[in-house]
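**Q** Handing over model_12.tsv, TSV, C-alpha atoms (C1' of nucleotides).
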```tsv
chain	number	residue	atom	x	y	z
A	1	MET	CA	125.21	2.55	124.86
A	2	THR	CA	121.52	3.22	124.87
A	3	ASN	CA	120.29	4.05	128.32
A	4	LYS	CA	116.74	3.01	127.55
A	5	LYS	CA	115.77	-0.63	127.44
A	6	ILE	CA	115.40	-2.11	124.00
A	7	LYS	CA	111.76	-2.91	123.44
A	8	THR	CA	111.88	-6.38	121.96
A	9	ILE	CA	109.47	-8.91	120.55
A	10	PHE	CA	110.61	-12.54	120.45
A	11	ILE	CA	109.27	-14.84	117.75
A	12	GLY	CA	109.84	-18.57	117.86
A	13	THR	CA	108.23	-21.96	118.29
A	14	PRO	CA	110.29	-25.04	119.32
A	15	ASP	CA	112.74	-25.71	122.15
A	16	PHE	CA	115.58	-24.42	120.07
A	17	GLY	CA	114.84	-20.80	120.94
A	18	ILE	CA	114.38	-21.25	124.68
A	19	PRO	CA	117.93	-20.37	125.80
A	20	VAL	CA	117.86	-17.24	123.65
A	21	LEU	CA	114.50	-16.19	125.00
A	22	ILE	CA	115.62	-16.74	128.58
A	23	SER	CA	118.87	-14.85	128.05
A	24	LEU	CA	116.98	-11.89	126.61
A	25	ILE	CA	114.51	-11.95	129.48
A	26	SER	CA	117.35	-12.06	131.99
A	27	ASP	CA	119.32	-9.29	130.32
A	28	LYS	CA	118.47	-5.89	131.76
A	29	ASN	CA	119.12	-4.22	128.42
A	30	PHE	CA	116.04	-5.81	126.92
A	31	ASP	CA	112.41	-5.22	127.63
A	32	ILE	CA	110.43	-8.12	126.22
A	33	LEU	CA	107.11	-6.73	125.06
A	34	GLY	CA	105.82	-10.15	124.21
A	35	VAL	CA	106.32	-13.38	122.37
A	36	ILE	CA	104.80	-14.55	119.12
A	37	THR	CA	104.57	-18.30	118.58
A	38	GLN	CA	102.57	-20.78	116.54
A	39	PRO	CA	99.04	-21.69	117.62
A	40	ASP	CA	98.63	-24.63	119.99
A	41	LYS	CA	98.46	-27.97	118.26
A	42	LYS	CA	97.20	-31.42	119.08
A	43	VAL	CA	100.21	-33.48	119.96
A	44	GLY	CA	101.11	-36.99	121.02
A	45	ARG	CA	99.32	-40.28	121.35
A	46	GLN	CA	96.43	-38.77	123.22
A	47	GLN	CA	96.14	-35.84	120.82
A	48	ILE	CA	96.27	-33.35	123.63
A	49	LEU	CA	96.18	-29.70	122.65
A	50	THR	CA	99.66	-28.55	123.61
A	51	GLU	CA	101.34	-25.18	123.92
A	52	THR	CA	104.55	-24.58	122.00
A	53	PRO	CA	107.71	-24.83	124.11
A	54	ILE	CA	108.30	-21.11	123.69
A	55	LYS	CA	104.81	-20.33	124.92
A	56	LYS	CA	105.37	-22.38	128.06
A	57	ILE	CA	108.54	-20.50	128.90
A	58	ALA	CA	107.03	-17.11	128.13
A	59	SER	CA	104.00	-17.89	130.26
A	60	SER	CA	106.17	-18.95	133.16
A	61	TYR	CA	107.82	-15.51	133.06
A	62	ASN	CA	104.43	-13.84	132.76
A	63	ILE	CA	105.21	-12.55	129.32
A	64	LYS	CA	102.44	-11.77	126.89
A	65	VAL	CA	101.98	-14.41	124.16
A	66	TRP	CA	100.33	-14.01	120.78
A	67	GLN	CA	99.56	-16.90	118.46
A	68	PRO	CA	98.38	-15.51	115.14
A	69	LYS	CA	97.71	-18.03	112.39
A	70	LYS	CA	99.20	-15.75	109.80
A	71	LEU	CA	101.85	-13.26	110.75
A	72	LYS	CA	100.92	-10.94	107.92
A	73	GLU	CA	97.52	-10.31	109.46
A	74	PHE	CA	99.20	-9.43	112.72
A	75	ALA	CA	101.44	-6.68	111.36
A	76	ASP	CA	99.23	-3.83	112.56
A	77	GLU	CA	99.18	-5.20	116.09
A	78	ILE	CA	102.94	-5.37	116.11
A	79	LYS	CA	103.20	-1.83	114.86
A	80	LYS	CA	101.10	-0.57	117.76
A	81	LEU	CA	103.57	-2.08	120.19
A	82	GLU	CA	106.37	0.02	118.69
A	83	PRO	CA	109.12	-2.54	119.15
A	84	ASP	CA	112.74	-1.47	118.69
A	85	LEU	CA	113.79	-4.98	117.81
A	86	ILE	CA	112.35	-8.30	116.75
A	87	VAL	CA	114.31	-11.50	117.37
A	88	VAL	CA	113.27	-14.58	115.44
A	89	VAL	CA	114.45	-18.09	116.31
A	90	ALA	CA	112.93	-21.02	114.44
A	91	TYR	CA	109.41	-19.76	113.86
A	92	ALA	CA	108.55	-21.72	110.71
A	93	GLN	CA	107.07	-18.78	108.84
A	94	ILE	CA	108.73	-16.14	106.70
A	95	LEU	CA	108.31	-12.62	108.00
A	96	PRO	CA	106.44	-10.35	105.59
A	97	LYS	CA	107.96	-7.05	104.54
A	98	ALA	CA	105.31	-5.15	106.47
A	99	ILE	CA	106.75	-6.56	109.69
A	100	LEU	CA	110.40	-6.43	108.73
A	101	GLU	CA	110.09	-2.66	108.40
A	102	ILE	CA	108.62	-2.04	111.83
A	103	PRO	CA	111.47	-2.17	114.36
A	104	LYS	CA	114.11	0.52	114.16
A	105	TYR	CA	116.89	-1.98	114.85
A	106	SER	CA	115.28	-4.30	112.33
A	107	CYS	CA	114.49	-7.99	112.67
A	108	ILE	CA	117.23	-10.38	113.66
A	109	ASN	CA	117.23	-14.12	113.03
A	110	ILE	CA	119.30	-16.84	114.62
A	111	HIS	CA	119.80	-19.78	112.31
A	112	GLY	CA	121.29	-23.22	113.01
A	113	SER	CA	123.91	-23.40	110.30
A	114	LEU	CA	126.87	-21.49	108.96
A	115	LEU	CA	125.07	-19.50	106.28
A	116	PRO	CA	124.97	-19.36	103.34
A	117	LYS	CA	125.16	-23.15	103.72
A	118	TYR	CA	121.92	-24.89	104.58
A	119	ARG	CA	119.29	-22.21	104.43
A	120	GLY	CA	115.87	-23.45	105.45
A	121	ALA	CA	114.36	-25.85	107.93
A	122	ALA	CA	116.57	-28.94	108.13
A	123	CYS	CA	119.84	-27.08	108.49
A	124	ILE	CA	121.18	-29.08	111.44
A	125	GLN	CA	120.53	-32.49	109.90
A	126	ALA	CA	121.98	-31.38	106.58
A	127	ALA	CA	125.36	-30.70	108.15
A	128	ILE	CA	125.51	-34.21	109.59
A	129	LEU	CA	124.20	-35.86	106.43
A	130	ASN	CA	126.92	-34.22	104.42
A	131	GLY	CA	129.60	-35.32	106.84
A	132	ASP	CA	130.64	-31.77	107.71
A	133	GLU	CA	133.23	-31.41	110.44
A	134	GLU	CA	131.77	-28.23	111.82
A	135	THR	CA	128.56	-26.29	111.95
A	136	GLY	CA	127.30	-23.41	114.00
A	137	ILE	CA	124.86	-20.59	114.32
A	138	THR	CA	124.43	-17.51	112.21
A	139	ILE	CA	122.96	-14.31	113.58
A	140	MET	CA	121.76	-12.14	110.76
A	141	LYS	CA	119.68	-9.16	109.87
A	142	MET	CA	116.58	-10.43	108.16
A	143	ASP	CA	115.44	-9.53	104.69
A	144	GLU	CA	112.56	-10.79	102.63
A	145	GLY	CA	114.22	-14.00	101.52
A	146	LEU	CA	114.56	-17.28	103.37
A	147	ASP	CA	117.72	-17.00	105.50
A	148	THR	CA	119.30	-14.64	102.99
A	149	GLY	CA	119.99	-11.54	105.08
A	150	PRO	CA	123.39	-10.01	105.83
A	151	ILE	CA	125.39	-11.75	108.53
A	152	ILE	CA	126.03	-10.04	111.84
A	153	ALA	CA	128.03	-12.84	113.42
A	154	GLN	CA	128.70	-16.56	113.30
A	155	GLU	CA	129.76	-18.99	116.02
A	156	LYS	CA	131.15	-22.42	115.14
A	157	ILE	CA	131.16	-25.77	116.85
A	158	ALA	CA	132.75	-29.05	115.81
A	159	ILE	CA	130.58	-31.98	114.78
A	160	GLU	CA	131.89	-35.02	116.66
A	161	THR	CA	131.70	-38.40	114.97
A	162	ASN	CA	129.04	-39.50	117.42
A	163	ASP	CA	126.94	-36.36	117.30
A	164	THR	CA	123.29	-36.82	116.46
A	165	GLY	CA	120.80	-34.31	115.14
A	166	GLU	CA	119.42	-33.99	118.62
A	167	LYS	CA	122.82	-33.39	120.21
A	168	ILE	CA	123.76	-30.72	117.70
A	169	PHE	CA	120.34	-29.19	118.12
A	170	ASN	CA	120.97	-28.86	121.84
A	171	LYS	CA	124.53	-27.64	121.47
A	172	LEU	CA	123.54	-24.96	118.98
A	173	SER	CA	120.57	-23.99	121.06
A	174	GLU	CA	122.76	-23.41	124.10
A	175	LEU	CA	125.39	-21.65	122.03
A	176	ALA	CA	122.72	-19.31	120.70
A	177	GLY	CA	121.57	-18.62	124.23
A	178	GLU	CA	125.10	-17.63	125.29
A	179	LYS	CA	125.95	-15.50	122.30
A	180	ALA	CA	122.71	-13.89	121.21
A	181	ALA	CA	122.41	-11.08	123.74
A	182	PRO	CA	126.00	-9.75	123.53
A	183	ILE	CA	126.07	-9.99	119.74
A	184	ILE	CA	122.77	-8.21	119.40
A	185	LEU	CA	123.89	-5.46	121.78
A	186	ASP	CA	127.07	-4.94	119.78
A	187	TYR	CA	125.00	-4.76	116.65
A	188	ILE	CA	122.69	-2.17	118.14
A	189	ASP	CA	125.70	-0.15	119.25
A	190	ASN	CA	126.93	-0.23	115.68
A	191	LYS	CA	129.98	-2.22	116.67
A	192	SER	CA	129.41	-5.02	114.19
A	193	GLU	CA	130.12	-5.20	110.53
A	194	LEU	CA	127.40	-6.72	108.41
A	195	LYS	CA	128.56	-9.09	105.70
A	196	PRO	CA	126.29	-9.97	102.82
A	197	GLN	CA	125.96	-13.67	102.08
A	198	ASP	CA	127.75	-15.15	99.12
A	199	ASN	CA	124.77	-16.52	97.22
A	200	SER	CA	126.97	-18.64	94.99
A	201	GLN	CA	127.82	-20.75	98.06
A	202	ALA	CA	124.23	-21.05	99.24
A	203	SER	CA	122.31	-24.28	99.65
A	204	LEU	CA	118.72	-24.89	100.63
A	205	THR	CA	117.33	-27.60	102.91
A	206	LYS	CA	113.72	-28.62	102.82
A	207	LEU	CA	111.58	-29.36	105.82
A	208	LEU	CA	112.11	-32.92	107.03
A	209	ASP	CA	109.45	-35.46	106.37
A	210	LYS	CA	108.93	-38.72	108.21
A	211	ASP	CA	109.99	-40.53	105.06
A	212	ASP	CA	113.35	-38.79	105.12
A	213	GLY	CA	114.27	-41.27	107.83
A	214	LYS	CA	113.60	-44.32	105.66
A	215	ILE	CA	116.80	-46.20	105.03
A	216	ASN	CA	117.73	-47.12	101.48
A	217	TRP	CA	120.17	-49.98	101.98
A	218	GLN	CA	121.44	-49.49	98.45
A	219	LYS	CA	123.30	-46.49	99.74
A	220	SER	CA	126.74	-46.75	101.23
A	221	ALA	CA	127.26	-47.64	104.87
A	222	THR	CA	128.86	-44.25	105.36
A	223	GLU	CA	125.78	-42.44	104.11
A	224	ILE	CA	123.43	-44.59	106.16
A	225	GLU	CA	125.53	-44.14	109.28
A	226	ARG	CA	125.18	-40.38	108.85
A	227	LEU	CA	121.48	-40.70	108.18
A	228	VAL	CA	120.97	-42.60	111.42
A	229	ARG	CA	122.77	-39.90	113.39
A	230	ALA	CA	121.21	-36.97	111.57
A	231	MET	CA	117.65	-38.20	111.99
A	232	HIS	CA	118.04	-39.08	115.66
A	233	SER	CA	115.84	-38.59	117.51
A	234	TRP	CA	113.29	-37.18	115.09
A	235	PRO	CA	112.12	-38.40	112.63
A	236	GLY	CA	114.44	-41.33	113.29
A	237	ALA	CA	115.98	-43.71	110.79
A	238	PHE	CA	113.88	-46.77	110.10
A	239	THR	CA	113.61	-49.82	107.94
A	240	ASN	CA	111.30	-52.77	107.52
A	241	PHE	CA	111.62	-56.18	109.20
A	242	ASN	CA	108.88	-58.78	108.71
A	243	SER	CA	106.45	-56.07	107.62
A	244	ARG	CA	107.04	-54.15	110.80
A	245	THR	CA	108.80	-50.86	111.26
A	246	LEU	CA	112.23	-51.29	112.78
A	247	LYS	CA	113.91	-48.15	113.99
A	248	ILE	CA	117.67	-48.00	113.84
A	249	LEU	CA	118.57	-45.85	116.80
A	250	GLU	CA	122.31	-46.27	116.85
A	251	THR	CA	124.96	-47.90	114.72
A	252	ASP	CA	128.66	-48.41	115.16
A	253	GLN	CA	130.62	-45.51	113.71
A	254	ASN	CA	133.14	-47.89	112.27
A	255	ILE	CA	132.12	-49.09	108.84
A	256	LEU	CA	132.85	-52.70	107.90
A	257	SER	CA	134.54	-53.09	104.56
A	258	ILE	CA	132.60	-56.17	103.63
A	259	ASN	CA	131.13	-56.57	100.17
A	260	ASN	CA	129.87	-59.31	97.86
A	261	ARG	CA	129.28	-61.85	100.59
A	262	HIS	CA	125.71	-60.86	101.38
A	263	GLN	CA	122.70	-59.39	99.65
A	264	THR	CA	121.99	-55.72	100.07
A	265	GLY	CA	119.98	-55.27	103.25
A	266	GLU	CA	120.88	-58.72	104.58
A	267	VAL	CA	121.49	-59.04	108.30
A	268	PHE	CA	124.46	-61.13	109.34
A	269	LEU	CA	126.66	-61.81	112.32
A	270	HIS	CA	130.20	-60.50	112.23
A	271	ASN	CA	132.54	-60.87	115.20
A	272	ASN	CA	129.55	-61.44	117.44
A	273	GLU	CA	127.93	-58.22	116.30
A	274	VAL	CA	124.87	-57.65	114.16
A	275	ALA	CA	125.67	-56.15	110.79
A	276	VAL	CA	123.71	-55.17	107.71
A	277	GLN	CA	125.06	-55.25	104.19
A	278	CYS	CA	124.71	-51.90	102.48
A	279	GLY	CA	125.20	-50.93	98.85
A	280	GLN	CA	128.80	-50.20	99.73
A	281	ASP	CA	130.33	-51.76	102.86
A	282	ALA	CA	128.34	-52.90	105.89
A	283	LEU	CA	127.04	-51.30	109.04
A	284	VAL	CA	127.02	-52.71	112.59
A	285	LEU	CA	123.74	-52.15	114.40
A	286	LYS	CA	123.88	-51.17	118.05
A	287	LYS	CA	120.46	-50.08	119.28
A	288	ILE	CA	117.23	-50.85	117.50
A	289	LYS	CA	113.54	-50.68	118.29
A	290	LEU	CA	110.82	-52.81	116.77
A	291	GLU	CA	107.38	-51.32	116.33
A	292	GLY	CA	105.42	-51.80	119.55
A	293	LYS	CA	108.52	-52.80	121.50
A	294	ASN	CA	111.13	-51.04	123.54
A	295	GLU	CA	114.60	-50.01	122.58
A	296	THR	CA	116.94	-53.01	122.48
A	297	ALA	CA	120.58	-53.76	121.89
A	298	ALA	CA	120.79	-55.43	118.48
A	299	ILE	CA	122.75	-58.35	119.91
A	300	ASP	CA	119.98	-59.00	122.48
A	301	PHE	CA	117.26	-58.58	119.88
A	302	ILE	CA	118.36	-61.71	118.04
A	303	ASN	CA	117.83	-63.85	121.16
A	304	GLY	CA	114.12	-63.48	120.73
A	305	HIS	CA	114.07	-63.01	116.96
A	306	ARG	CA	116.08	-65.92	115.62
A	307	ASP	CA	115.05	-65.12	112.07
A	308	PHE	CA	116.57	-61.64	112.17
A	309	ILE	CA	119.96	-62.96	111.13
A	310	GLY	CA	119.69	-63.79	107.45
A	311	SER	CA	116.65	-61.63	106.87
A	312	ILE	CA	116.61	-58.85	104.28
A	313	LEU	CA	115.76	-55.37	105.48
A	314	ARG	CA	113.90	-53.22	102.99
B	1	C	C1'	86.86	-41.03	123.63
B	2	G	C1'	91.97	-40.82	116.73
B	3	C	C1'	94.11	-46.16	115.09
B	4	G	C1'	97.23	-50.17	116.68
B	5	G	C1'	101.20	-53.38	119.25
B	6	G	C1'	103.17	-54.73	124.05
B	7	G	C1'	104.17	-55.81	129.84
B	8	U	C1'	106.12	-63.82	131.25
B	9	A	C1'	113.73	-65.51	134.81
B	10	G	C1'	119.19	-60.53	134.56
B	11	A	C1'	118.30	-59.60	128.71
B	12	G	C1'	115.53	-60.72	124.11
B	13	C	C1'	111.18	-63.60	123.15
B	14	A	C1'	107.55	-68.21	122.84
B	15	G	C1'	103.33	-69.91	125.32
B	16	U	C1'	94.77	-68.55	124.60
B	17	U	C1'	90.07	-75.41	122.52
B	18	G	C1'	92.08	-72.93	130.71
B	19	G	C1'	95.52	-78.39	133.20
B	20	C	C1'	103.13	-79.03	136.61
B	21	A	C1'	105.66	-71.88	133.13
B	22	G	C1'	109.35	-72.71	128.17
B	23	C	C1'	113.29	-71.13	124.28
B	24	U	C1'	117.83	-68.35	123.10
B	25	C	C1'	121.51	-65.45	125.47
B	26	G	C1'	123.70	-64.25	130.05
B	27	C	C1'	125.01	-66.01	135.07
B	28	C	C1'	126.96	-70.14	138.61
B	29	A	C1'	129.31	-75.12	138.98
B	30	G	C1'	131.69	-79.08	136.57
B	31	G	C1'	133.69	-81.37	132.00
B	32	C	C1'	136.31	-81.49	127.17
B	33	C	C1'	140.54	-79.05	124.93
B	34	C	C1'	147.35	-76.84	124.02
B	35	A	C1'	143.52	-73.18	124.16
B	36	U	C1'	138.88	-70.37	123.36
B	37	A	C1'	134.12	-65.79	122.70
B	38	A	C1'	133.66	-72.87	120.54
B	39	C	C1'	131.52	-77.60	122.45
B	40	C	C1'	129.21	-81.10	126.47
B	41	U	C1'	126.76	-81.83	131.45
B	42	G	C1'	124.39	-79.93	135.60
B	43	G	C1'	122.39	-75.61	138.44
B	44	A	C1'	120.41	-71.09	140.33
B	45	G	C1'	116.95	-67.53	138.94
B	46	G	C1'	109.37	-66.10	137.91
B	47	U	C1'	103.79	-63.20	142.82
B	48	C	C1'	103.37	-64.37	134.23
B	49	A	C1'	102.50	-55.46	135.33
B	50	C	C1'	98.49	-54.43	139.17
B	51	C	C1'	93.27	-55.10	141.21
B	52	G	C1'	88.85	-57.77	141.12
B	53	G	C1'	85.55	-61.67	138.79
B	54	U	C1'	84.32	-66.71	136.52
B	55	U	C1'	86.31	-71.85	137.52
B	56	C	C1'	87.96	-77.86	140.77
B	57	A	C1'	91.90	-75.23	138.11
B	58	A	C1'	93.71	-68.73	135.01
B	59	A	C1'	99.90	-66.30	131.94
B	60	U	C1'	95.49	-67.97	129.11
B	61	C	C1'	88.45	-66.24	129.83
B	62	C	C1'	85.59	-61.47	131.75
B	63	G	C1'	85.76	-56.32	134.00
B	64	G	C1'	88.85	-52.29	135.73
B	65	U	C1'	93.77	-49.70	136.68
B	66	C	C1'	98.95	-48.44	135.72
B	67	C	C1'	103.16	-48.34	132.50
B	68	C	C1'	105.97	-48.82	127.54
B	69	C	C1'	105.89	-48.42	122.25
B	70	G	C1'	104.43	-47.86	116.55
B	71	C	C1'	101.11	-44.91	113.37
B	72	A	C1'	98.71	-40.42	112.95
B	73	A	C1'	99.31	-35.17	114.33
```
Rewrite the structure of this file - the entire thing - as structure tokens.
**A**
Amino acid sequence: MTNKKIKTIFIGTPDFGIPVLISLISDKNFDILGVITQPDKKVGRQQILTETPIKKIASSYNIKVWQPKKLKEFADEIKKLEPDLIVVVAYAQILPKAILEIPKYSCINIHGSLLPKYRGAACIQAAILNGDEETGITIMKMDEGLDTGPIIAQEKIAIETNDTGEKIFNKLSELAGEKAAPIILDYIDNKSELKPQDNSQASLTKLLDKDDGKINWQKSATEIERLVRAMHSWPGAFTNFNSRTLKILETDQNILSINNRHQTGEVFLHNNEVAVQCGQDALVLKKIKLEGKNETAAIDFINGHRDFIGSILR
RNA sequence: CGCGGGGUAGAGCAGUUGGCAGCUCGCCAGGCCCAUAACCUGGAGGUCACCGGUUCAAAUCCGGUCCCCGCAA
């Protein structure tokens, strides 16, 4: 074991990396030289300039924060710091070669899928959309590609039938926080075996767009049920009712095998529950939210919107 | 000052030429029925977000405050 502290730079932006950052800060083996995160952005209804979640945490621990617009232009600065290790968790930029070469223990990335499946940004949602029964985190040594580096370790979790994108996000985030430090220490002590990724099994996920949450009722109820869970809580699954955006927050996990009795997208009552006809089978709505209104149980929603039953969602 | 919707009974919503506050569901009581989540009758339940103004009279008009939400980012 090294008797000197490992001089480490942490790079990340959203909440996802917080547990990892905190575990590294708390671990006496690491000396966090500083944190690199995205520049502050205007956020929310009031367009308030807001710090990234990682910046808030770093600041609260009095850790130096840098927010370069382009990482490439910051390579020289990093070099001067002489880091032994760089840990990247969800930064949203690819690290240039000039930076990858700096730390002697290289750059390590923690990714929210079981690579080589679901490289890229929407890895967590992809696992739910595809109906996978498990997902996990991959800790890997970075190379110049997007999530293509050799794997140091993987940790799996099961995807429950009621798991949403947000829940998996949190579970994986916590899992990463627990496992990151010990796995990285093993790696530095040369106790881990690096396995190259099998590129033939690789898949790529693109960054989610708001429109990715738009429901196409032509699809099967099974697919839409997964979409609703995967997109929760951002960007959220939505449809259109009376020219207003209607968010579908939660559906019943049990699909109704009902076909040919209603038009696609038609809302109907079934066993005192609100259902929508899909391209294949039908889906029972549980929680919905109309634009400008609060979250509502679907069955309560119809009390004040008598025309909902029988309407066609588009 | 980014744009926009909203706050009315336990829930979901109507209700602005100012004039006794309504609907659907739920709840309570009774009735019908072999029976019911069905149906009928009756009932309870509101400081109309808050503060101030105009008026004989404000949920409604005017000014201000708080809170919730959609878009955009």
**Q** Hey, which of B:G30, B:A37, B:C51, B:C20 ends up closest to chain A? Count all atoms listed in the file.
**A**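 Using all atoms listed in the file, the shortest distance to chain A belongs to B:A37.
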**Q** Could you check the closest approach to chain B for each of A:Asn62, A:Ser311, A:Asn271, A:Ser257 and tell me which residue wins, using all atoms listed in the file?
**A**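 Distance minimum relative to chain B lands on A:Asn271.
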**Q** Using all atoms listed in the file, find the residues of chain A whose closest atom to chain B is at most 7 Å away, then write them as an NGL selection string.
**A** :A and (42-43 or 291-294 or 300-305)
**Q** With all atoms listed in the file as the atoms that count, which of B:A21, B:C34, B:C28, B:C66 lies nearest to A49 in chain B?
**A**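 Looking at the shortest contact to A49 in chain B, the residue is B:C66.
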**Q** Between CA of Ile299 in chain A and CA of Lys167 in chain A, what is the distance in Å, rounded to a tenth?
**A**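 If I compute the distance from CA of Ile299 in chain A to CA of Lys167 in chain A, I get 25.0 Å.
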**Q** Would you be able to write out as a ChimeraX atom specification which residues have an atom within 10 Å of (123.0, -44.7, 116.7) in the file's coordinates, counting all atoms listed in the file?
**A** /A:162-164,225-233,236-237,248-253,284-288
**Q** How would the residues just chosen look if you wrote them out with C-alpha atoms as a JSON list (two decimals), in the coordinates of the input?
**A**
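Listing of out_26.json after writing:
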```
[["chain", "number", "residue", "atom", "x", "y", "z"],
["A", 162, "ASN", "CA", 129.04, -39.50, 117.42],
["A", 163, "ASP", "CA", 126.94, -36.36, 117.30],
["A", 164, "THR", "CA", 123.29, -36.82, 116.46],
["A", 225, "GLU", "CA", 125.53, -44.14, 109.28],
["A", 226, "ARG", "CA", 125.18, -40.38, 108.85],
["A", 227, "LEU", "CA", 121.48, -40.70, 108.18],
["A", 228, "VAL", "CA", 120.97, -42.60, 111.42],
["A", 229, "ARG", "CA", 122.77, -39.90, 113.39],
["A", 230, "ALA", "CA", 121.21, -36.97, 111.57],
["A", 231, "MET", "CA", 117.65, -38.20, 111.99],
["A", 232, "HIS", "CA", 118.04, -39.08, 115.66],
["A", 233, "SER", "CA", 115.84, -38.59, 117.51],
["A", 236, "GLY", "CA", 114.44, -41.33, 113.29],
["A", 237, "ALA", "CA", 115.98, -43.71, 110.79],
["A", 248, "ILE", "CA", 117.67, -48.00, 113.84],
["A", 249, "LEU", "CA", 118.57, -45.85, 116.80],
["A", 250, "GLU", "CA", 122.31, -46.27, 116.85],
["A", 251, "THR", "CA", 124.96, -47.90, 114.72],
["A", 252, "ASP", "CA", 128.66, -48.41, 115.16],
["A", 253, "GLN", "CA", 130.62, -45.51, 113.71],
["A", 284, "VAL", "CA", 127.02, -52.71, 112.59],
["A", 285, "LEU", "CA", 123.74, -52.15, 114.40],
["A", 286, "LYS", "CA", 123.88, -51.17, 118.05],
["A", 287, "LYS", "CA", 120.46, -50.08, 119.28],
["A", 288, "ILE", "CA", 117.23, -50.85, 117.50]]
```
**Q** What is the distance, in Å and to one decimal place, between CA of Gly279 in chain A and CA of Phe308 in chain A?
**A**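 Pair CA of Gly279 in chain A / CA of Phe308 in chain A returns 19.1 Å.
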**Q** Could you state the separation of CA of Lys72 in chain A and CA of Ser203 in chain A in Å, given to one decimal place?
**A** 26.5 Å
**Q** Under the rule that all atoms listed in the file are counted, which of A:Gly44, A:Pro96, A:Gly265, A:Gly213 is the nearest residue to Cys278 in chain A?
**A** A:Gly265
**Q** Find the residues near U54 in chain B: any atom within 12 Å, counting all atoms listed in the file, skip ones fewer than 5 places away on the same chain, and give them as JSON, numbers by chain.
**A** {"B": [18, 61, 62, 63]}
**Q** I'd like to know which of A:Gln277, A:Asp76, A:Asn242, A:Ser200 is closest to Leu256 in chain A, using all atoms listed in the file.
**A**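 Checking each candidate against Leu256 in chain A, we get A:Gln277 as the closest.
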**Q** Find the residues around Asp198 in chain A up to 10 Å (only C-alpha atoms (C1' of nucleotides) counted), leave out those fewer than 6 positions away in its own chain, and share them as number ranges by chain.
**A** A: 115-117, 148, 150
